[in-house]
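For reference, run-v9.cif (mmCIF, C-alpha atoms):
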data_work
#
loop_
_atom_site.label_atom_id
_atom_site.label_comp_id
_atom_site.auth_asym_id
_atom_site.auth_seq_id
_atom_site.Cartn_x
_atom_site.Cartn_y
_atom_site.Cartn_z
CA MET A 1 41.20 10.37 -28.85
CA LEU A 2 39.33 12.96 -30.91
CA TYR A 3 42.58 14.92 -31.07
CA TRP A 4 44.35 12.02 -32.78
CA LEU A 5 41.33 11.33 -34.99
CA PHE A 6 41.44 14.90 -36.28
CA GLU A 7 45.18 14.53 -36.79
CA LEU A 8 44.47 11.51 -38.99
CA LEU A 9 41.76 13.34 -40.92
CA ARG A 10 44.14 16.20 -41.58
CA GLU A 11 46.35 13.87 -43.60
CA PHE A 12 43.42 13.50 -45.99
CA ASP A 13 42.73 17.27 -46.03
CA ALA A 14 39.25 16.71 -44.60
CA PRO A 15 37.32 19.96 -44.04
CA GLY A 16 37.61 21.16 -40.42
CA SER A 17 40.34 18.64 -39.63
CA GLY A 18 42.63 21.37 -38.33
CA LEU A 19 40.07 22.67 -35.85
CA LEU A 20 41.55 20.85 -32.86
CA ASP A 21 44.96 22.32 -33.57
CA TYR A 22 43.72 25.45 -31.84
CA LEU A 23 44.33 25.27 -28.12
CA SER A 24 41.48 27.66 -27.40
CA VAL A 25 38.99 25.48 -29.30
CA ARG A 26 40.02 22.36 -27.37
CA ALA A 27 39.96 24.20 -24.05
CA VAL A 28 36.42 25.49 -24.68
CA GLY A 29 35.38 22.02 -25.84
CA ALA A 30 36.84 20.43 -22.70
CA PHE A 31 35.02 22.95 -20.49
CA VAL A 32 31.64 22.37 -22.16
CA LEU A 33 32.03 18.59 -22.17
CA ALA A 34 33.01 18.52 -18.50
CA LEU A 35 30.11 20.78 -17.55
CA LEU A 36 27.58 18.65 -19.43
CA ILE A 37 28.96 15.37 -18.08
CA ALA A 38 28.84 16.68 -14.50
CA ILE A 39 25.26 17.96 -14.81
CA VAL A 40 23.76 15.17 -16.92
CA PHE A 41 25.52 12.14 -15.47
CA GLY A 42 25.98 13.69 -12.02
CA ARG A 43 22.30 13.19 -11.27
CA ARG A 44 22.56 9.50 -12.16
CA ILE A 45 25.64 9.05 -10.02
CA ILE A 46 23.91 10.74 -7.06
CA ASP A 47 20.89 8.46 -7.46
CA LYS A 48 23.22 5.46 -7.57
CA LEU A 49 25.00 6.58 -4.40
CA GLN A 50 21.62 6.93 -2.67
CA LEU A 51 20.63 3.40 -3.70
CA MET A 52 23.94 2.13 -2.36
CA GLN A 53 23.22 4.00 0.90
CA VAL A 54 26.49 5.91 0.64
CA GLY A 55 25.38 8.63 3.06
CA GLU A 56 27.44 11.07 5.09
CA ILE A 57 27.74 10.26 8.80
CA ILE A 58 27.31 13.52 10.71
CA ARG A 59 28.55 14.10 14.26
CA ASP A 60 26.46 16.55 16.27
CA LEU A 61 28.76 19.52 16.91
CA GLY A 62 26.02 21.95 17.79
CA LEU A 63 26.12 23.74 14.44
CA GLU A 64 22.98 25.25 12.98
CA GLY A 65 21.36 23.00 10.35
CA GLN A 66 24.12 20.42 10.69
CA MET A 67 22.03 17.34 11.49
CA LYS A 68 19.75 17.95 8.48
CA LYS A 69 22.68 16.83 6.31
CA THR A 70 22.71 13.33 7.76
CA GLY A 71 22.35 10.76 5.01
CA THR A 72 23.27 13.12 2.16
CA PRO A 73 25.19 11.05 -0.43
CA THR A 74 28.95 11.45 -0.24
CA MET A 75 31.83 10.32 -2.50
CA GLY A 76 30.51 12.81 -5.07
CA GLY A 77 34.11 13.58 -5.96
CA ILE A 78 33.67 10.73 -8.45
CA ILE A 79 31.59 13.17 -10.51
CA ILE A 80 34.42 15.71 -10.58
CA ILE A 81 37.05 13.11 -11.47
CA ILE A 82 35.04 11.53 -14.30
CA SER A 83 33.98 14.92 -15.67
CA THR A 84 37.61 16.06 -15.71
CA VAL A 85 39.27 12.95 -17.09
CA VAL A 86 36.83 12.06 -19.90
CA PRO A 87 37.06 15.42 -21.77
CA CYS A 88 40.86 15.31 -21.45
CA LEU A 89 40.90 11.83 -22.98
CA LEU A 90 38.68 13.06 -25.81
CA VAL A 91 40.19 16.41 -26.81
CA GLY A 92 43.55 16.42 -25.00
CA ASN A 93 46.92 15.57 -26.48
CA LEU A 94 47.70 12.36 -24.62
CA SER A 95 51.31 12.36 -25.79
CA ASN A 96 51.96 15.60 -23.89
CA ILE A 97 53.94 14.99 -20.70
CA TYR A 98 52.11 17.73 -18.81
CA MET A 99 48.70 16.24 -19.63
CA ILE A 100 49.92 12.77 -18.64
CA LEU A 101 51.16 14.02 -15.26
CA MET A 102 47.88 15.77 -14.52
CA LEU A 103 45.81 12.70 -15.40
CA VAL A 104 48.06 10.48 -13.26
CA SER A 105 47.74 12.94 -10.36
CA THR A 106 43.96 13.00 -10.68
CA VAL A 107 43.58 9.22 -10.66
CA TRP A 108 46.23 8.78 -7.94
CA LEU A 109 44.66 11.18 -5.44
CA GLY A 110 41.12 10.18 -6.44
CA SER A 111 41.96 6.57 -5.56
CA LEU A 112 43.48 7.66 -2.25
CA GLY A 113 40.38 9.66 -1.32
CA PHE A 114 38.04 6.93 -2.54
CA LEU A 115 39.74 4.38 -0.28
CA ASP A 116 39.38 6.78 2.66
CA ASP A 117 35.65 7.26 2.01
CA TYR A 118 35.12 3.54 1.43
CA LEU A 119 36.64 2.63 4.79
CA LYS A 120 34.49 5.25 6.56
CA ILE A 121 31.21 4.13 5.01
CA HIS A 122 31.43 0.45 4.12
CA ALA A 123 34.00 -0.68 6.68
CA HIS A 124 32.33 1.47 9.39
CA ASN A 125 35.71 2.97 10.31
CA LYS A 126 34.90 6.54 11.35
CA ASP A 127 38.55 7.61 10.97
CA GLY A 128 38.84 6.19 7.46
CA LEU A 129 42.28 5.64 6.01
CA ASN A 130 45.06 6.00 8.57
CA GLY A 131 46.60 9.47 8.38
CA LYS A 132 50.10 8.14 7.77
CA PHE A 133 48.92 6.27 4.67
CA LYS A 134 47.36 9.47 3.31
CA ILE A 135 50.68 11.23 3.83
CA ILE A 136 52.55 8.38 2.15
CA GLY A 137 50.22 8.64 -0.85
CA GLN A 138 50.65 12.41 -1.10
CA VAL A 139 54.43 12.18 -0.67
CA GLY A 140 54.49 9.46 -3.34
CA LEU A 141 52.72 11.72 -5.82
CA GLY A 142 55.09 14.58 -5.02
CA LEU A 143 58.03 12.27 -5.75
CA ILE A 144 56.50 11.14 -9.05
CA VAL A 145 55.95 14.72 -10.21
CA GLY A 146 59.30 16.04 -9.00
CA LEU A 147 61.36 13.17 -10.40
CA THR A 148 59.52 13.27 -13.73
CA MET A 149 60.29 16.97 -14.04
CA PHE A 150 63.94 16.18 -13.33
CA PHE A 151 64.37 13.23 -15.70
CA SER A 152 61.98 14.00 -18.57
CA PRO A 153 63.68 15.77 -21.51
CA ALA A 154 60.26 17.09 -22.56
CA ILE A 155 60.02 19.38 -19.53
CA THR A 156 62.06 22.53 -19.98
CA ILE A 157 61.76 26.29 -19.72
CA SER A 158 62.96 28.92 -22.18
CA GLU A 159 65.22 31.61 -20.89
CA GLY A 160 64.87 34.93 -22.67
CA ALA A 161 67.61 36.92 -24.27
CA THR A 162 67.35 40.50 -23.03
CA VAL A 163 67.70 43.12 -25.77
CA GLN A 164 67.98 46.83 -25.00
CA SER A 165 66.35 49.09 -27.58
CA PHE A 166 64.78 52.52 -27.80
CA GLY A 167 61.16 53.40 -28.35
CA SER A 168 59.78 56.06 -30.67
CA ASN A 169 60.04 58.69 -27.94
CA GLY A 170 63.69 57.92 -27.29
CA ASN A 171 63.08 56.22 -23.95
CA PRO A 172 64.83 52.88 -23.35
CA VAL A 173 62.64 49.80 -23.77
CA THR A 174 63.60 46.31 -22.64
CA GLU A 175 62.52 43.54 -25.00
CA ILE A 176 62.66 39.82 -24.33
CA SER A 177 62.99 37.39 -27.23
CA TYR A 178 63.17 33.60 -27.43
CA ASN A 179 65.21 31.90 -30.13
CA GLY A 180 63.68 28.47 -30.55
CA ASN A 181 65.33 25.55 -28.79
CA ASP A 182 68.59 27.44 -28.21
CA HIS A 183 67.37 28.83 -24.91
CA GLN A 184 65.44 25.82 -23.61
CA VAL A 185 66.99 24.58 -20.40
CA LYS A 186 66.15 22.10 -17.67
CA THR A 187 66.39 23.90 -14.37
CA PRO A 188 64.46 24.07 -11.08
CA ALA A 189 63.55 27.71 -11.61
CA THR A 190 60.23 29.17 -10.54
CA THR A 191 58.30 32.42 -10.46
CA ILE A 192 58.32 34.59 -7.35
CA PRO A 193 56.17 37.66 -6.66
CA PHE A 194 57.25 41.31 -6.54
CA VAL A 195 60.75 40.77 -8.03
CA LYS A 196 61.53 42.06 -11.52
CA ASN A 197 62.65 39.33 -13.93
CA ASN A 198 61.02 37.16 -11.31
CA ASN A 199 62.62 33.76 -11.68
CA PHE A 200 64.08 32.06 -8.62
CA ASN A 201 66.36 29.05 -9.00
CA TYR A 202 66.44 26.53 -6.17
CA LYS A 203 70.08 25.74 -6.88
CA TRP A 204 70.93 29.21 -5.54
CA LEU A 205 70.23 27.73 -2.10
CA THR A 206 72.85 25.03 -2.64
CA GLN A 207 75.66 26.96 -4.38
CA TRP A 208 77.92 26.29 -1.39
CA MET A 209 77.97 22.62 -2.48
CA GLY A 210 80.09 23.37 -5.54
CA HIS A 211 79.74 20.82 -8.35
CA GLY A 212 76.82 19.16 -6.57
CA ALA A 213 74.82 22.39 -6.39
CA HIS A 214 72.69 21.61 -9.46
CA ILE A 215 71.55 18.18 -8.27
CA ALA A 216 71.08 19.45 -4.72
CA GLY A 217 68.92 22.26 -6.10
CA TRP A 218 66.65 19.70 -7.71
CA VAL A 219 66.48 17.81 -4.41
CA VAL A 220 65.31 20.99 -2.67
CA PHE A 221 62.76 21.52 -5.45
CA ILE A 222 61.39 17.98 -5.06
CA LEU A 223 61.06 18.46 -1.29
CA VAL A 224 59.12 21.69 -1.93
CA VAL A 225 56.85 19.81 -4.36
CA ILE A 226 56.16 17.11 -1.77
CA PHE A 227 55.38 19.71 0.90
CA LEU A 228 53.03 21.69 -1.35
CA VAL A 229 51.13 18.65 -2.62
CA THR A 230 50.61 17.43 0.95
CA ALA A 231 49.73 20.84 2.43
CA THR A 232 47.37 21.88 -0.38
CA SER A 233 45.63 18.50 -0.57
CA ASN A 234 45.05 18.44 3.19
CA GLY A 235 44.03 22.10 3.19
CA ALA A 236 41.33 21.49 0.60
CA ASN A 237 40.23 18.46 2.60
CA LEU A 238 39.82 20.55 5.77
CA THR A 239 38.05 23.35 3.87
CA ASP A 240 35.40 20.89 2.66
CA GLY A 241 32.95 21.40 5.52
CA LEU A 242 30.27 23.68 4.08
CA ASP A 243 28.10 23.26 0.99
CA GLY A 244 29.95 24.51 -2.08
CA LEU A 245 32.88 26.00 -0.16
CA THR A 246 35.77 23.93 -1.51
CA THR A 247 34.12 23.55 -4.91
CA GLY A 248 33.76 27.30 -5.45
CA CYS A 249 37.20 28.19 -4.08
CA SER A 250 38.84 25.54 -6.26
CA ALA A 251 37.06 26.85 -9.37
CA ILE A 252 38.31 30.38 -8.66
CA ILE A 253 41.88 29.17 -8.04
CA GLY A 254 41.67 27.01 -11.16
CA THR A 255 40.63 29.99 -13.28
CA ALA A 256 43.69 31.96 -12.13
CA LEU A 257 45.99 29.00 -12.84
CA LEU A 258 44.41 28.52 -16.29
CA ALA A 259 45.25 32.13 -17.20
CA MET A 260 48.83 31.68 -16.01
CA ALA A 261 49.22 28.42 -17.95
CA TYR A 262 47.84 29.91 -21.14
CA LEU A 263 50.11 32.96 -20.97
CA GLY A 264 53.20 31.00 -19.93
CA GLY A 265 52.63 28.38 -22.62
CA ASN A 266 52.37 30.96 -25.42
CA VAL A 267 55.69 32.34 -26.64
CA ILE A 268 54.13 35.60 -27.88
CA TYR A 269 52.26 36.45 -24.68
CA SER A 270 55.08 35.35 -22.39
CA THR A 271 57.53 37.45 -24.38
CA TYR A 272 55.28 40.50 -24.30
CA LEU A 273 54.54 40.16 -20.58
CA ASN A 274 58.14 39.24 -19.68
CA ILE A 275 57.16 36.00 -17.90
CA MET A 276 58.66 32.53 -18.00
CA TYR A 277 57.91 30.64 -21.22
CA ILE A 278 57.34 26.91 -20.74
CA PRO A 279 57.30 25.03 -24.07
CA ALA A 280 54.40 22.56 -24.57
CA SER A 281 52.77 23.56 -21.27
CA GLY A 282 49.89 25.23 -23.08
CA GLU A 283 48.21 21.82 -23.15
CA LEU A 284 47.55 22.30 -19.46
CA THR A 285 44.87 24.85 -20.32
CA VAL A 286 42.81 22.01 -21.80
CA TYR A 287 43.07 20.07 -18.56
CA MET A 288 42.28 23.06 -16.35
CA ALA A 289 39.32 24.07 -18.54
CA ALA A 290 37.88 20.57 -18.03
CA PHE A 291 38.61 20.80 -14.30
CA ILE A 292 36.77 24.12 -13.97
CA GLY A 293 33.83 22.83 -16.02
CA ALA A 294 33.62 19.75 -13.78
CA LEU A 295 33.64 21.91 -10.64
CA ILE A 296 30.91 24.23 -11.91
CA GLY A 297 28.82 21.22 -12.96
CA PHE A 298 29.32 19.63 -9.55
CA LEU A 299 28.36 22.91 -7.88
CA TRP A 300 24.94 22.50 -9.55
CA TYR A 301 24.29 19.75 -6.98
CA ASN A 302 26.73 20.79 -4.24
CA ALA A 303 25.48 24.35 -3.70
CA TYR A 304 23.51 25.01 -0.50
CA PRO A 305 21.55 22.95 0.39
CA ALA A 306 23.82 20.27 -1.02
CA GLN A 307 22.33 17.20 -2.70
CA VAL A 308 25.73 15.48 -2.63
CA PHE A 309 29.07 15.90 -0.84
CA MET A 310 32.39 15.37 -2.59
CA GLY A 311 33.89 13.46 0.33
CA ASP A 312 37.62 12.82 0.56
CA THR A 313 37.35 11.37 -2.94
CA GLY A 314 36.96 14.93 -4.15
CA SER A 315 38.59 17.18 -1.56
CA LEU A 316 41.95 15.37 -1.39
CA THR A 317 41.99 15.31 -5.19
CA LEU A 318 41.19 19.00 -5.69
CA GLY A 319 44.01 20.29 -3.50
CA GLY A 320 46.52 17.91 -5.04
CA ILE A 321 45.48 18.86 -8.58
CA ILE A 322 45.95 22.56 -7.80
CA ALA A 323 49.39 21.99 -6.27
CA VAL A 324 50.68 19.76 -9.09
CA PHE A 325 49.34 22.14 -11.74
CA ALA A 326 51.08 25.11 -10.10
CA VAL A 327 54.33 23.16 -9.92
CA LEU A 328 54.18 22.21 -13.61
CA ILE A 329 53.77 25.84 -14.69
CA HIS A 330 56.52 26.90 -12.23
CA LYS A 331 54.19 29.04 -10.14
CA GLU A 332 54.29 26.99 -6.94
CA LEU A 333 55.66 29.84 -4.82
CA LEU A 334 52.55 31.87 -5.63
CA LEU A 335 50.35 29.29 -3.90
CA PRO A 336 50.69 30.84 -0.40
CA ILE A 337 48.78 33.83 -1.79
CA LEU A 338 46.48 32.09 -4.26
CA CYS A 339 45.55 29.21 -1.92
CA ALA A 340 45.69 31.18 1.33
CA ILE A 341 42.18 29.98 2.24
CA PHE A 342 43.34 26.35 2.23
CA TYR A 343 46.50 27.07 4.19
CA ILE A 344 44.70 29.19 6.78
CA GLU A 345 42.27 26.31 7.34
CA ASP A 346 45.32 24.06 7.84
CA LEU A 347 46.91 26.54 10.20
CA SER A 348 43.74 27.07 12.25
CA VAL A 349 43.63 23.36 13.11
CA MET A 350 47.32 23.23 14.02
CA LEU A 351 47.06 26.34 16.21
CA GLN A 352 43.94 25.07 17.94
CA VAL A 353 45.42 21.67 18.75
CA GLY A 354 48.82 23.08 19.71
CA TRP A 355 47.39 25.79 22.00
CA PHE A 356 44.98 23.37 23.66
CA LYS A 357 47.74 20.86 24.44
CA TRP A 358 50.15 23.55 25.68
CA THR A 359 47.60 25.24 28.00
CA LYS A 360 46.48 21.87 29.32
CA ARG A 361 50.03 20.95 30.30
CA ARG A 362 50.58 24.38 31.84
CA ASN A 363 47.25 25.03 33.58
CA GLY A 364 45.62 21.62 33.72
CA THR A 365 42.74 22.95 31.60
CA GLY A 366 43.01 23.19 27.83
CA GLN A 367 41.98 26.45 26.18
CA ARG A 368 40.94 27.13 22.60
CA ILE A 369 41.79 29.97 20.25
CA PHE A 370 38.72 29.44 18.06
CA LYS A 371 35.24 28.23 18.96
CA MET A 372 35.77 25.40 16.51
CA THR A 373 38.15 24.41 13.73
CA PRO A 374 38.63 24.27 10.78
CA LEU A 375 38.16 28.03 10.68
CA HIS A 376 34.87 28.10 8.74
CA HIS A 377 33.15 26.31 11.63
CA HIS A 378 34.28 29.08 14.01
CA PHE A 379 31.97 31.50 12.21
CA GLN A 380 29.19 28.92 12.00
CA LYS A 381 29.05 28.15 15.70
CA ALA A 382 26.81 30.31 17.87
CA GLY A 383 27.69 31.54 21.37
CA GLY A 384 30.82 30.64 23.26
CA THR A 385 33.98 32.69 23.62
CA VAL A 386 37.34 32.91 21.96
CA GLU A 387 39.28 32.17 25.10
CA ALA A 388 42.79 32.96 24.00
CA ILE A 389 42.02 36.26 22.29
CA ILE A 390 38.80 37.99 23.38
CA GLN A 391 35.84 37.22 25.61
CA LYS A 392 33.11 38.63 23.38
CA PRO A 393 30.65 36.02 22.06
CA PHE A 394 29.69 35.98 18.39
CA ALA A 395 26.39 35.12 16.76
CA ALA A 396 26.34 32.30 14.26
CA VAL A 397 26.75 33.32 10.62
CA PRO A 398 24.47 31.48 8.14
CA GLU A 399 26.27 28.79 6.18
CA SER A 400 25.50 30.22 2.76
CA ARG A 401 26.85 33.63 3.82
CA ILE A 402 30.11 32.12 5.06
CA VAL A 403 30.56 30.31 1.74
CA ILE A 404 29.92 33.42 -0.38
CA ARG A 405 32.30 35.49 1.75
CA PHE A 406 35.03 32.89 1.46
CA TRP A 407 34.51 32.89 -2.32
CA ILE A 408 34.89 36.68 -2.37
CA ILE A 409 38.10 36.43 -0.36
CA CYS A 410 39.34 33.78 -2.80
CA ILE A 411 38.63 36.09 -5.76
CA LEU A 412 40.54 38.90 -4.04
CA LEU A 413 43.47 36.54 -3.40
CA ALA A 414 43.50 35.49 -7.06
CA ALA A 415 43.56 39.16 -8.10
CA ALA A 416 46.33 39.86 -5.57
CA THR A 417 48.37 36.99 -7.04
CA PHE A 418 48.34 38.65 -10.47
CA VAL A 419 49.08 42.03 -8.92
CA THR A 420 52.24 40.62 -7.32
CA LEU A 421 53.44 39.67 -10.80
CA LYS A 422 52.64 43.11 -12.19
CA ILE A 423 54.30 45.11 -9.40
CA ARG A 424 57.86 44.12 -10.19
#
Turn the structure described in the file into structure tokens.
Amino acid sequence: MLYWLFELLREFDAPGSGLLDYLSVRAVGAFVLALLIAIVFGRRIIDKLQLMQVGEIIRDLGLEGQMKKTGTPTMGGIIIIISTVVPCLLVGNLSNIYMILMLVSTVWLGSLGFLDDYLKIHAHNKDGLNGKFKIIGQVGLGLIVGLTMFFSPAITISEGATVQSFGSNGNPVTEISYNGNDHQVKTPATTIPFVKNNNFNYKWLTQWMGHGAHIAGWVVFILVVIFLVTATSNGANLTDGLDGLTTGCSAIIGTALLAMAYLGGNVIYSTYLNIMYIPASGELTVYMAAFIGALIGFLWYNAYPAQVFMGDTGSLTLGGIIAVFAVLIHKELLLPILCAIFYIEDLSVMLQVGWFKWTKRRNGTGQRIFKMTPLHHHFQKAGGTVEAIIQKPFAAVPESRIVIRFWIICILLAAATFVTLKIR
């Protein structure tokens, strides 16, 4: 809204009317606004949730300090959603297709998570929304994003023209240049790590289909989008078990994605760094700046000991936002490194359940790989044994220490993601 207002003022040559033309100014503004909204209005929202008796129901799993959290307000993801959306509406370009898709994704997944939390608390349904309906909602969003990227003429990438030249010392230098709209194409290409000129096209997997290879490549791409949205959203949901864990990890991942979006959306930087240039995608930096600001503001209340939990309203939304954002900047195949924490949490649950069922059928007694899943609870639980691997008991690790260590791992993974792009 402010973006369009400044556009109108520029027609009258009003002083400062061109300020919001600068992407960096709008991104900083979005970050500050989101941070202030989360901190200032977050307290009011928490108080309102307490009055409404929207408290977390805690099952006693024998974890240290666990039962003290009973009654802590949940559904705090509302704070993150509001603090992200409002700045985008104020300083974002709402005619930009990338911004529109991110706002739709935020509201879509926020509504899905809100319904899940509502059923748990107000309908007294401990399981919340049926798992298959969550999957349907996540698959639906993946279809919306994938099909929009296929049909929208506003979503393209620019392929560089490689020019061989010689530097001042006589050594060959490869330069990449973009010539306006001449090289803008619509293709399901994406960035992959370690490979020089690292663009991978999904239609390469379907070349055997002849004339139908291009469409089939897009179908494969859409299936990948659906899988990543579902896996990342559920992974963030499972990771949300300790105070500040998912919030901090998401902020770190978001910072890495913001850098990628800014570089890939700028023709000069993308040319210099020899990375994929995505026209008009620079607007995503405004969204991600607001998202990071909202997370840091929410962490003000969510850090140990938490005064509010995000609930599924937040956790389902965070993972989905990260996945959709990565897809839009064509970096989705970097997510297994960048979001490894989320996927490992996913995998720990699947391994635990699968091993328990298999050993129960085979021996009559189910065994466990971890003391408890998702994985962060394994470190939190005192005593016991890891039956399938070793018999040595572990002492419980304090919750705050687990969270900080997971954050550190997340920072290392973010750094490793950039390293994979450099070592090509």
Pick from A:Gly110, A:Ala294, A:Ser233, A:Leu51 nearest to A:Ile135, counting all atoms listed in the file =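 Looking only at the distances to A:Ile135, the closest residue turns out to be A:Ser233.
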Give me the residues within 12 Å of A:Ile408 as a VMD selection string, counting all atoms listed in the file and dropping any in the same chain fewer than 6 places off.
-> chain A and resid 245 248 to 249 252 to 253 341 401 to 402 414 to 415
Write out as a PyMOL selection string the residues lying within 12 Å of stretch 195-211 of chain A, counting only C-alpha atoms and excluding same-chain residues fewer than 3 positions away.
-> chain A and resi 157-162+174-176+186-192+214-225+271+273-277+330-334+419-424
Could you work out how far atom CA of A:Trp108 lies from atom CA of A:Ile144, giving the answer in Å with one decimal?
-> 10.6 Å
The PyMOL selection byres ((chain A and resi 321) around 12) resolved against shown file, as a PyMOL selection string = chain A and resi 80-81+84+99+101-110+138+141-142+145+228-234+236+250-251+253-254+257+284+287-288+291-292+314-320+322-328
Return as a PyMOL selection string the set of residues that the PyMOL selection byres ((chain A and resi 79) around 10) yields on the displayed structure.
-> chain A and resi 34+37-39+41-46+75-78+80-84+294-295+297-298+310+313-314
For a quick check of your reading of the model, name the residues lying within 6 Å of the coordinate (39.4, 2.9, 5.3), counting only C-alpha atoms, and write them as a PDB file with C-alpha atoms, in the coordinates of the input.
ATOM      1  CA  LEU A 115      39.740   4.380  -0.280  1.00  0.00           C
ATOM      2  CA  ASP A 116      39.380   6.780   2.660  1.00  0.00           C
ATOM      3  CA  TYR A 118      35.120   3.540   1.430  1.00  0.00           C
ATOM      4  CA  LEU A 119      36.640   2.630   4.790  1.00  0.00           C
ATOM      5  CA  LYS A 120      34.490   5.250   6.560  1.00  0.00           C
ATOM      6  CA  GLY A 128      38.840   6.190   7.460  1.00  0.00           C
ATOM      7  CA  LEU A 129      42.280   5.640   6.010  1.00  0.00           C
TER       8      LEU A 129
END
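Under the PyMOL selection byres ((chain A and resi 379) around 9), the matching residues in the shown file are Lys371, Met372, Leu375, His376, His377, His378, Gln380, Lys381, Ala382, Phe394, Ala395, Ala396, Val397, Pro398, Glu399 and Ile402 of chain A.
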Could you give me, as a VMD selection string, the residues that have an atom at most 8 Å away from the point (44.0, 21.6, 6.6) in the coordinates of the file, using all atoms listed in the file?
-> chain A and resid 231 to 239 342 to 349 374
Dump of C-alpha atoms for the selected residues, as a short mmCIF file (atom, residue, chain, number, x, y, z; two decimals), in the coordinates of the input:
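Listing of again26.cif after writing:
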data_model
loop_
_atom_site.label_atom_id
_atom_site.label_comp_id
_atom_site.auth_asym_id
_atom_site.auth_seq_id
_atom_site.Cartn_x
_atom_site.Cartn_y
_atom_site.Cartn_z
CA ALA A 231 49.73 20.84 2.43
CA THR A 232 47.37 21.88 -0.38
CA SER A 233 45.63 18.50 -0.57
CA ASN A 234 45.05 18.44 3.19
CA GLY A 235 44.03 22.10 3.19
CA ALA A 236 41.33 21.49 0.60
CA ASN A 237 40.23 18.46 2.60
CA LEU A 238 39.82 20.55 5.77
CA THR A 239 38.05 23.35 3.87
CA PHE A 342 43.34 26.35 2.23
CA TYR A 343 46.50 27.07 4.19
CA ILE A 344 44.70 29.19 6.78
CA GLU A 345 42.27 26.31 7.34
CA ASP A 346 45.32 24.06 7.84
CA LEU A 347 46.91 26.54 10.20
CA SER A 348 43.74 27.07 12.25
CA VAL A 349 43.63 23.36 13.11
CA PRO A 374 38.63 24.27 10.78
#
Could you work out how far atom CA of A:Leu143 lies from atom CA of A:Ile329, giving the answer in Å with one decimal?
-> 16.8 Å
